[in-house]
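A.B. asks: What follows is start10.txt; its format and atoms are compact mmCIF, C-alpha atoms.
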```txt
# COMPACT_ATOMS: atom_id res chain seq x y z
CA MET A 1 -195.63 -169.98 87.15
CA SER A 2 -192.50 -171.42 85.52
CA ASN A 3 -188.99 -170.39 86.49
CA VAL A 4 -188.40 -168.71 83.14
CA ASN A 5 -191.51 -166.58 83.49
CA ARG A 6 -190.58 -165.69 87.06
CA ASN A 7 -187.11 -164.68 85.87
CA ASN A 8 -188.64 -162.56 83.11
CA LEU A 9 -190.89 -160.74 85.54
CA LEU A 10 -188.00 -160.17 87.93
CA THR A 11 -185.82 -158.86 85.13
CA GLN A 12 -188.50 -156.53 83.83
CA SER A 13 -189.05 -155.02 87.27
CA CYS A 14 -185.37 -154.42 88.00
CA GLY A 15 -184.35 -153.39 84.46
CA THR A 16 -181.18 -155.51 84.36
CA PRO A 17 -180.36 -156.40 80.76
CA SER A 18 -179.66 -159.86 79.47
CA ARG A 19 -176.17 -160.80 78.29
CA GLY A 20 -177.15 -160.46 74.67
CA ARG A 21 -178.69 -157.06 75.26
CA PHE A 22 -175.62 -155.93 77.21
CA VAL A 23 -173.34 -156.92 74.32
CA LEU A 24 -175.60 -155.07 71.90
CA GLU A 25 -175.58 -151.98 74.10
CA LEU A 26 -171.81 -152.20 74.46
CA ILE A 27 -171.39 -152.37 70.67
CA ALA A 28 -173.79 -149.43 70.28
CA ALA A 29 -171.84 -147.46 72.88
CA PHE A 30 -168.54 -148.28 71.16
CA LEU A 31 -169.85 -147.24 67.75
CA LEU A 32 -171.35 -144.02 69.13
CA THR A 33 -168.02 -143.05 70.70
CA ARG A 34 -166.30 -143.58 67.34
CA LEU A 35 -168.74 -141.77 65.06
CA PRO A 36 -167.60 -138.30 64.06
CA TYR A 37 -169.75 -135.37 65.25
CA ILE A 38 -172.27 -137.65 66.97
CA SER A 39 -169.64 -138.72 69.49
CA VAL A 40 -168.85 -135.12 70.47
CA PRO A 41 -171.54 -134.58 73.15
CA PHE A 42 -170.72 -137.96 74.67
CA LYS A 43 -167.08 -136.90 74.96
CA TRP A 44 -168.38 -133.87 76.83
CA PHE A 45 -170.09 -136.22 79.27
CA GLU A 46 -166.83 -137.99 80.02
CA SER A 47 -165.01 -134.68 80.23
CA TYR A 48 -167.67 -133.26 82.56
CA PHE A 49 -167.58 -136.25 84.92
CA HIS A 50 -163.77 -136.11 84.84
CA GLU A 51 -163.75 -132.48 85.98
CA LEU A 52 -166.60 -133.11 88.40
CA SER A 53 -164.49 -135.84 90.02
CA HIS A 54 -161.56 -133.42 90.34
CA GLY A 55 -163.96 -130.98 91.97
CA ILE A 56 -165.44 -133.50 94.38
CA ALA A 57 -161.97 -134.74 95.36
CA THR A 58 -160.92 -131.15 95.98
CA LEU A 59 -163.88 -130.53 98.27
CA LEU A 60 -163.44 -133.85 100.08
CA THR A 61 -159.78 -133.10 100.80
CA GLY A 62 -160.50 -129.63 102.12
CA GLY A 63 -159.85 -127.55 99.04
CA ILE A 64 -161.89 -125.02 97.13
CA VAL A 65 -162.94 -125.29 93.50
CA SER A 66 -162.59 -122.01 91.66
CA HIS A 67 -164.25 -123.06 88.42
CA ILE A 68 -164.23 -125.66 85.68
CA GLU A 69 -163.77 -125.18 81.96
CA LEU A 70 -165.01 -127.49 79.23
CA PHE A 71 -164.01 -127.26 75.58
CA PRO A 72 -165.81 -128.51 72.46
CA ASN A 73 -163.01 -130.96 71.60
CA GLY A 74 -163.61 -132.84 74.85
CA ALA A 75 -160.83 -131.21 76.84
CA GLY A 76 -161.49 -129.81 80.29
CA LEU A 77 -159.81 -127.96 83.12
CA CYS A 78 -160.49 -127.73 86.83
CA TYR A 79 -159.15 -124.73 88.73
CA SER A 80 -158.87 -125.41 92.43
CA GLN A 81 -157.13 -124.20 95.53
CA GLY A 82 -155.83 -126.38 98.30
CA GLY A 83 -156.73 -129.99 98.98
CA ASN A 84 -154.63 -133.08 98.44
CA ALA A 85 -153.02 -132.60 95.03
CA VAL A 86 -152.29 -136.30 94.50
CA LEU A 87 -155.85 -137.39 95.23
CA ILE A 88 -157.29 -134.57 93.16
CA ALA A 89 -155.10 -135.36 90.16
CA PHE A 90 -155.77 -139.08 90.45
CA SER A 91 -159.53 -138.71 90.80
CA GLY A 92 -160.19 -137.36 87.30
CA TYR A 93 -159.91 -140.50 85.16
CA LEU A 94 -160.81 -142.73 88.08
CA GLY A 95 -163.95 -140.73 88.77
CA ALA A 96 -165.10 -140.73 85.15
CA ALA A 97 -165.00 -144.54 85.05
CA VAL A 98 -166.75 -144.83 88.43
CA TRP A 99 -169.44 -142.36 87.32
CA GLY A 100 -169.98 -144.45 84.20
CA TYR A 101 -170.49 -147.57 86.28
CA LEU A 102 -172.75 -145.72 88.71
CA ILE A 103 -174.92 -144.47 85.85
CA PHE A 104 -175.05 -148.02 84.44
CA LEU A 105 -176.13 -149.32 87.84
CA LEU A 106 -178.81 -146.66 88.23
CA ALA A 107 -180.04 -147.48 84.73
CA THR A 108 -180.86 -150.98 85.89
CA TRP A 109 -183.35 -149.51 88.35
CA ARG A 110 -186.41 -149.40 86.17
CA ASN A 111 -188.87 -147.78 88.56
CA GLY A 112 -186.45 -145.02 89.45
CA ILE A 113 -185.19 -144.22 85.96
CA ARG A 114 -186.97 -140.88 85.72
CA PHE A 115 -185.75 -139.94 89.19
CA THR A 116 -182.18 -140.92 88.19
CA LEU A 117 -182.27 -138.85 85.02
CA SER A 118 -183.65 -135.88 86.94
CA ILE A 119 -180.92 -136.15 89.58
CA LEU A 120 -178.23 -136.30 86.90
CA ALA A 121 -179.67 -133.24 85.17
CA LEU A 122 -179.87 -131.40 88.48
CA THR A 123 -176.23 -132.28 89.22
CA ILE A 124 -175.19 -130.81 85.89
CA LEU A 125 -177.30 -127.70 86.44
CA ALA A 126 -175.81 -127.28 89.93
CA SER A 127 -172.35 -127.44 88.32
CA VAL A 128 -173.43 -124.64 85.97
CA VAL A 129 -174.38 -122.45 88.91
CA LEU A 130 -171.43 -123.31 91.15
CA TRP A 131 -168.48 -123.94 88.86
CA ALA A 132 -169.10 -122.76 85.33
CA ARG A 133 -167.84 -119.25 84.75
CA ASP A 134 -167.47 -118.94 80.97
CA LEU A 135 -170.10 -119.00 78.27
CA LEU A 136 -168.68 -122.00 76.42
CA THR A 137 -168.69 -124.19 79.51
CA ILE A 138 -172.20 -123.03 80.42
CA ALA A 139 -173.41 -123.82 76.89
CA ILE A 140 -171.84 -127.29 76.96
CA LEU A 141 -173.30 -128.08 80.37
CA LEU A 142 -176.76 -126.88 79.33
CA CYS A 143 -176.46 -129.11 76.27
CA LEU A 144 -175.64 -132.07 78.49
CA SER A 145 -178.54 -131.42 80.87
CA GLY A 146 -180.81 -131.10 77.83
CA LEU A 147 -179.58 -134.45 76.52
CA ILE A 148 -180.32 -136.01 79.91
CA LEU A 149 -183.77 -134.46 80.21
CA LEU A 150 -184.85 -135.02 76.60
CA PRO A 151 -185.57 -138.78 76.97
CA LEU A 152 -187.96 -137.97 79.83
CA LYS A 153 -190.47 -136.95 77.19
CA LEU A 154 -190.76 -140.61 76.23
CA LYS A 155 -193.78 -142.20 77.89
CA ASN A 156 -192.36 -145.71 77.85
CA SER A 157 -189.63 -146.13 80.45
CA ARG A 158 -188.01 -149.17 78.86
CA PRO A 159 -185.99 -147.28 76.24
CA LEU A 160 -184.90 -144.84 78.94
CA ASN A 161 -183.11 -147.60 80.82
CA SER A 162 -181.45 -148.80 77.67
CA LEU A 163 -180.37 -145.28 76.65
CA LEU A 164 -178.97 -144.54 80.08
CA ARG A 165 -177.10 -147.85 80.17
CA ILE A 166 -175.57 -147.01 76.79
CA LEU A 167 -174.60 -143.60 78.16
CA GLY A 168 -172.96 -145.21 81.19
CA LEU A 169 -171.05 -147.63 78.96
CA MET A 170 -169.95 -144.78 76.71
CA ILE A 171 -168.59 -142.89 79.69
CA ILE A 172 -166.66 -145.98 80.78
CA LEU A 173 -165.32 -146.52 77.24
CA ASN A 174 -164.30 -142.87 76.96
CA ALA A 175 -162.71 -143.05 80.40
CA MET A 176 -160.77 -146.04 79.09
CA ALA A 177 -159.69 -144.28 75.89
CA SER A 178 -158.87 -140.86 77.37
CA PRO A 179 -155.83 -141.87 79.47
CA MET A 180 -154.37 -143.49 76.34
CA VAL A 181 -154.11 -139.99 74.87
CA LEU A 182 -151.78 -139.07 77.73
CA PHE A 183 -149.17 -141.45 76.28
CA GLY A 184 -148.80 -139.02 73.41
CA LEU A 185 -148.66 -135.91 75.57
CA ALA A 186 -145.37 -134.70 76.89
CA GLY A 187 -145.24 -132.45 79.92
CA GLN A 188 -148.97 -132.10 80.51
CA GLY A 189 -151.94 -134.00 81.84
CA ASP A 190 -152.82 -135.56 85.17
CA ALA A 191 -150.37 -138.44 84.71
CA VAL A 192 -147.42 -136.08 84.35
CA ALA A 193 -148.61 -134.03 87.33
CA LEU A 194 -148.86 -137.20 89.41
CA ALA A 195 -145.43 -138.34 88.22
CA GLN A 196 -143.94 -135.04 89.34
CA MET A 197 -145.61 -135.28 92.74
CA THR A 198 -145.02 -138.96 93.49
CA TRP A 199 -141.93 -139.96 91.45
CA ILE A 200 -143.99 -142.81 90.04
CA PRO A 201 -143.70 -142.75 86.23
CA ALA A 202 -146.62 -141.29 84.29
CA TRP A 203 -147.25 -144.50 82.36
CA CYS A 204 -147.91 -146.33 85.65
CA TRP A 205 -150.77 -143.95 86.40
CA VAL A 206 -152.17 -144.41 82.91
CA VAL A 207 -152.06 -148.19 83.35
CA ILE A 208 -153.84 -147.88 86.72
CA TRP A 209 -156.61 -145.78 85.18
CA LEU A 210 -156.97 -148.24 82.34
CA ALA A 211 -157.21 -151.10 84.81
CA VAL A 212 -159.87 -149.25 86.82
CA SER A 213 -161.93 -148.60 83.68
CA CYS A 214 -161.64 -152.26 82.66
CA CYS A 215 -162.69 -153.20 86.18
CA MET A 216 -165.79 -150.98 85.92
CA LEU A 217 -166.68 -152.61 82.61
CA TRP A 218 -166.23 -156.04 84.15
CA LEU A 219 -168.42 -155.06 87.11
CA SER A 220 -171.11 -153.94 84.67
CA TRP A 221 -170.87 -157.32 82.97
CA GLN A 222 -171.11 -159.02 86.38
CA LYS A 223 -174.30 -157.12 87.05
CA VAL A 224 -175.71 -158.60 83.86
CA ASP A 225 -174.25 -162.00 84.54
CA SER A 226 -176.06 -162.20 87.88
CA THR A 227 -179.37 -162.59 86.04
CA LYS A 228 -177.95 -165.79 84.50
CA GLY A 229 -178.83 -164.95 80.96
CA SER A 230 -182.52 -164.35 81.38
CA ILE A 231 -184.36 -163.80 78.13
CA LYS A 232 -185.29 -160.19 77.52
CA MET B 1 -167.24 -70.72 54.08
CA GLN B 2 -164.04 -70.80 56.00
CA ILE B 3 -165.98 -71.77 59.13
CA ASN B 4 -167.57 -74.71 57.33
CA SER B 5 -164.30 -76.09 56.05
CA THR B 6 -162.80 -75.87 59.50
CA SER B 7 -165.64 -77.90 61.00
CA ILE B 8 -165.19 -80.57 58.34
CA GLN B 9 -161.49 -80.74 59.06
CA LYS B 10 -162.09 -81.36 62.71
CA THR B 11 -164.54 -84.18 62.17
CA VAL B 12 -162.56 -85.91 59.48
CA SER B 13 -159.04 -85.60 60.71
CA GLN B 14 -159.65 -87.52 63.94
CA PRO B 15 -160.57 -90.89 62.32
CA MET B 16 -157.61 -90.63 60.02
CA VAL B 17 -155.18 -90.65 62.90
CA LYS B 18 -157.04 -93.58 64.45
CA THR B 19 -156.90 -95.52 61.21
CA THR B 20 -153.17 -95.11 61.01
CA LEU B 21 -152.79 -96.40 64.57
CA SER B 22 -154.91 -99.45 63.93
CA GLN B 23 -152.92 -100.25 60.84
CA ALA B 24 -149.92 -100.72 63.03
CA VAL B 25 -151.78 -103.40 64.97
CA ALA B 26 -152.30 -105.63 61.99
CA GLY B 27 -149.18 -105.74 59.92
CA ASN B 28 -150.79 -106.83 56.70
CA ARG B 29 -153.39 -104.17 56.63
CA PRO B 30 -152.87 -101.48 54.01
CA SER B 31 -151.44 -98.39 55.49
CA GLY B 32 -150.01 -95.22 54.25
CA SER B 33 -148.06 -92.22 55.23
CA VAL B 34 -149.49 -88.78 55.44
CA ASP B 35 -148.23 -88.15 51.92
CA ASP B 36 -150.05 -91.25 50.74
CA ILE B 37 -153.25 -90.05 52.34
CA LYS B 38 -152.88 -86.89 50.38
CA GLN B 39 -152.68 -88.91 47.17
CA ILE B 40 -155.64 -91.07 48.01
CA ASN B 41 -157.79 -88.19 49.08
CA PRO B 42 -157.05 -85.38 46.68
CA PRO B 43 -158.93 -82.16 47.20
CA ALA B 44 -162.06 -81.88 45.12
CA PRO B 45 -162.27 -78.34 43.96
CA ASN B 46 -165.73 -78.45 42.39
CA ASN B 47 -167.56 -81.74 42.83
CA VAL B 48 -167.86 -83.04 46.37
CA SER B 49 -169.05 -86.61 45.80
CA SER B 50 -167.52 -88.72 48.47
CA TYR B 51 -166.34 -88.66 52.02
CA THR B 52 -162.68 -88.59 51.09
CA GLN B 53 -163.05 -86.15 48.30
CA SER B 54 -164.81 -83.70 50.57
CA ILE B 55 -161.61 -83.03 52.49
CA PRO B 56 -160.39 -79.60 51.55
CA GLN B 57 -156.75 -78.74 51.00
CA PRO B 58 -156.18 -76.93 54.32
CA LEU B 59 -156.84 -80.21 56.13
CA GLU B 60 -153.23 -81.23 55.63
CA GLN B 61 -152.17 -78.49 57.93
CA ASN B 62 -154.39 -79.86 60.71
CA LEU B 63 -153.23 -83.46 60.34
CA LEU B 64 -150.41 -84.72 62.49
CA SER B 65 -147.06 -84.84 60.85
CA GLN B 66 -145.61 -88.21 59.85
CA ASN B 67 -143.10 -88.05 62.69
CA GLU B 68 -145.84 -87.34 65.20
CA ILE B 69 -147.90 -90.30 63.99
CA GLU B 70 -144.93 -92.61 64.08
CA GLN B 71 -144.10 -91.42 67.57
CA ALA B 72 -147.69 -92.08 68.68
CA VAL B 73 -147.58 -95.57 67.24
CA THR B 74 -144.24 -96.27 68.85
CA ASP B 75 -145.46 -94.99 72.21
CA SER B 76 -148.60 -97.09 72.04
CA GLY B 77 -146.54 -100.24 71.53
CA LEU B 78 -149.18 -101.60 69.17
CA PHE B 79 -146.72 -102.38 66.38
CA GLU B 80 -145.35 -105.20 68.51
CA PHE B 81 -148.09 -107.38 67.06
CA THR B 82 -146.51 -107.20 63.65
CA GLY B 83 -142.89 -107.44 64.54
CA LYS B 84 -142.32 -104.63 62.08
CA SER B 85 -141.31 -101.12 62.74
CA PRO B 86 -143.99 -98.47 62.52
CA ARG B 87 -142.04 -96.84 59.75
CA TYR B 88 -142.45 -100.01 57.70
CA ASP B 89 -146.20 -100.01 58.29
CA LEU B 90 -146.54 -96.43 57.34
CA ALA B 91 -144.38 -96.86 54.29
CA SER B 92 -146.42 -99.69 52.76
CA ASN B 93 -149.18 -98.24 50.67
CA GLY B 94 -152.67 -99.23 49.49
CA THR B 95 -153.14 -97.69 46.12
CA ASP B 96 -156.87 -97.92 45.83
CA ASN B 97 -159.49 -97.20 48.49
CA LYS B 98 -161.77 -100.06 47.47
CA SER B 99 -159.10 -102.72 47.29
CA ALA B 100 -157.61 -101.38 50.47
CA LYS B 101 -160.93 -101.86 52.26
CA ILE B 102 -161.25 -105.45 51.00
CA GLN B 103 -157.71 -106.23 52.05
CA TYR B 104 -158.36 -104.56 55.38
CA ASP B 105 -161.35 -106.80 56.12
CA THR B 106 -159.70 -109.99 54.89
CA ASP B 107 -156.60 -109.47 56.88
CA ILE B 108 -158.54 -109.02 60.11
CA GLU B 109 -159.66 -112.64 59.78
CA MET B 110 -156.15 -113.77 58.96
CA ASN B 111 -154.60 -111.97 61.86
CA ARG B 112 -157.18 -112.97 64.42
CA GLY B 113 -155.47 -116.27 65.15
CA ALA B 114 -152.11 -114.60 65.51
CA ILE B 115 -153.49 -111.98 67.86
CA GLN B 116 -155.26 -114.68 69.87
CA MET B 117 -152.02 -116.62 70.12
CA TYR B 118 -150.25 -113.46 71.21
CA MET B 119 -152.86 -112.81 73.90
CA MET B 120 -152.51 -116.38 75.16
CA THR B 121 -148.75 -116.21 75.46
CA GLN B 122 -148.57 -112.61 76.61
CA HIS B 123 -147.45 -112.50 80.22
CA ALA B 124 -147.83 -116.28 80.49
CA ALA B 125 -144.88 -116.47 82.85
CA GLN B 126 -146.34 -113.78 85.09
CA ARG B 127 -149.70 -115.54 85.09
CA ASP B 128 -148.05 -118.78 86.15
CA GLU B 129 -146.19 -116.90 88.84
CA ILE B 130 -149.42 -115.36 90.17
CA GLN B 131 -151.10 -118.78 90.07
CA GLN B 132 -148.29 -120.22 92.13
CA MET B 133 -148.44 -117.30 94.52
CA VAL B 134 -152.17 -117.53 95.22
CA GLY B 135 -152.03 -121.33 95.21
CA ILE B 136 -154.41 -122.05 92.35
CA ASP B 137 -153.85 -125.53 90.92
CA LEU B 138 -154.85 -126.60 87.47
CA TYR B 139 -155.97 -130.14 86.70
CA VAL B 140 -156.33 -131.22 83.08
```
Just dump the structure as structure tokens.
C.D. replies:
Amino acid sequence: MSNVNRNNLLTQSCGTPSRGRFVLELIAAFLLTRLPYISVPFKWFESYFHELSHGIATLLTGGIVSHIELFPNGAGLCYSQGGNAVLIAFSGYLGAAVWGYLIFLLATWRNGIRFTLSILALTILASVVLWARDLLTIAILLCLSGLILLPLKLKNSRPLNSLLRILGLMIILNAMASPMVLFGLAGQGDAVALAQMTWIPAWCWVVIWLAVSCCMLWLSWQKVDSTKGSIK
Amino acid sequence: MQINSTSIQKTVSQPMVKTTLSQAVAGNRPSGSVDDIKQINPPAPNNVSSYTQSIPQPLEQNLLSQNEIEQAVTDSGLFEFTGKSPRYDLASNGTDNKSAKIQYDTDIEMNRGAIQMYMMTQHAAQRDEIQQMVGIDLYV
């Protein structure tokens, strides 16, 4: 068996995309995040993982999450009590980018794609039970779990990997774009809260989040690059 | 006959007072004083064809006086939504029942945003204070 064929088989079993495919998926993700109306549920994903990260950071630092709120325009709130305020505030944008990368990584696991999608849907449904307390948030979260579960109806697993990779890239791109909005906000947002707590200017925090998101995108590219441009 | 008219007065006069109170909530809604109500709903001596026309003349005696209504509105504090005095609300008049109803419905939509904004900002400082007190943090 030639090296190229061996590479192809290896790539097909692990679901890692080629460079060309990655670029195509990245362009698709970018376009989807820019299209009006269609981009809305994908903004909810970023918003959800942002608030989920606040929640996880709260629990990890000994606090209690009261509830989370999601809004149709992509905004979100996390009500918590206790915990390390700096870590909790910092974890939102950081967590969204990390979640995006994690989803991208899991999407390269071809055999476990259905398991991954099911786990993601279960995570969202658990958030509904534990943290969602208003109808709008519940509706948005049910929409998201539906979007995750819908591709499971496809019999062929190959598009599932591609779709999930695009979703992961969209979350990273949204996590990159969202902190930029904070530049235009005066007196609100995680960056301002962190600035008040740490005396480090808000723009520094925004730059850090941007750098982390870029790093996650680069790590995704590295994952692709490790296959050395196999044809797929 | 007298017994019948009395029963009608009791059933009809109650919503009228309520209507006047709700008019104070939404400033743009048509409203009228007791005298205006008299003009809109004149007694129908022979032909009872509508709800308003069926109100007999002695009803006026059972209605609250203008001062009493204004006092009730003032006490309820509802006119704060409009920023106008209750006297102003009661003085403005809808001339026609039909147009008044249309205006009434339309203005509910228009005022909904304002009322929502009011509800959001109402006691905002106290809410913040309570949040601080119980230690609830908010992360955007």
A.B. asks: What is the distance between CA of Ser66 in chain A and CA of His50 in chain A, in Å to one decimal?
C.D. replies: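 Interatomic distance here is 15.7 Å.
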A.B. asks: Which residues of chain A come within 9 Å of chain B, and what is each one's closest atom pair and distance in Å (one decimal), counting all atoms listed in the file, sorted by chain and residue number, as JSON lines?
C.D. replies:
```
{"residue": "A:Glu51", "atom": "CA", "partner": "B:Val140", "partner_atom": "CA", "distance": 8.1}
{"residue": "A:His54", "atom": "CA", "partner": "B:Tyr139", "partner_atom": "CA", "distance": 7.4}
{"residue": "A:Ser66", "atom": "CA", "partner": "B:Ile136", "partner_atom": "CA", "distance": 8.2}
{"residue": "A:Ala75", "atom": "CA", "partner": "B:Val140", "partner_atom": "CA", "distance": 7.7}
{"residue": "A:Gly76", "atom": "CA", "partner": "B:Val140", "partner_atom": "CA", "distance": 6.0}
{"residue": "A:Leu77", "atom": "CA", "partner": "B:Val140", "partner_atom": "CA", "distance": 4.8}
{"residue": "A:Cys78", "atom": "CA", "partner": "B:Tyr139", "partner_atom": "CA", "distance": 5.1}
{"residue": "A:Tyr79", "atom": "CA", "partner": "B:Leu138", "partner_atom": "CA", "distance": 4.9}
{"residue": "A:Ser80", "atom": "CA", "partner": "B:Asp137", "partner_atom": "CA", "distance": 5.2}
{"residue": "A:Gln81", "atom": "CA", "partner": "B:Ile136", "partner_atom": "CA", "distance": 4.7}
{"residue": "A:Gly82", "atom": "CA", "partner": "B:Gly135", "partner_atom": "CA", "distance": 7.0}
{"residue": "A:Ala85", "atom": "CA", "partner": "B:Asp137", "partner_atom": "CA", "distance": 8.2}
{"residue": "A:Ile88", "atom": "CA", "partner": "B:Tyr139", "partner_atom": "CA", "distance": 7.9}
{"residue": "A:Ala89", "atom": "CA", "partner": "B:Tyr139", "partner_atom": "CA", "distance": 6.3}
{"residue": "A:Gly92", "atom": "CA", "partner": "B:Tyr139", "partner_atom": "CA", "distance": 8.4}
{"residue": "A:Gln188", "atom": "CA", "partner": "B:Val140", "partner_atom": "CA", "distance": 7.8}
{"residue": "A:Gly189", "atom": "CA", "partner": "B:Val140", "partner_atom": "CA", "distance": 5.3}
{"residue": "A:Asp190", "atom": "CA", "partner": "B:Val140", "partner_atom": "CA", "distance": 6.0}
{"residue": "A:Ala193", "atom": "CA", "partner": "B:Tyr139", "partner_atom": "CA", "distance": 8.3}
```
A.B. asks: So the first atom is CA of Ser39 in chain A and the second is CA of Ile103 in chain A; what is the distance between them in Å, to one decimal place?
C.D. replies: 18.1 Å
A.B. asks: Could you check which of A:Leu35, A:Ile27, A:Ala97, A:Ala191 is closest to Ile171 in chain A, using only C-alpha atoms?
C.D. replies: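 Using only C-alpha atoms, Ile171 in chain A sits closest to A:Ala97.
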A.B. asks: Counting all atoms listed in the file, which of A:Ile68, A:Leu150, A:Leu94, A:Ile140 gets nearest to Ala211 in chain A?
C.D. replies: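 Comparing A:Ile68, A:Leu150, A:Leu94, A:Ile140 against Ala211 in chain A, the winner is A:Leu94.
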A.B. asks: Find the residues around Tyr48 in chain A up to 12 Å (only C-alpha atoms counted), leave out those fewer than 5 positions away in its own chain, and share them as JSON, numbers by chain.
C.D. replies: {"A": [41, 42, 43, 53, 54, 55, 68, 69, 70, 71, 72, 74, 75, 76, 77, 78, 92, 93, 95, 96, 97, 99, 100, 120, 123, 124, 125, 127, 128, 131, 132, 137, 138, 140, 141, 142, 143, 144, 145, 171, 174, 175], "B": [140]}
A.B. asks: Kindly give the distance, in Å, that separates CA of Trp109 in chain A and CA of Gly15 in chain A, rounded to a single decimal.
C.D. replies: 5.6 Å
A.B. asks: Find the residues with any atom within 12 Å of (-146.0, -147.1, 78.3); use all atoms listed in the file and the coordinates as given in the file, and write the answer as a PyMOL selection string.
C.D. replies: chain A and resi 179-185+191+201-208+210
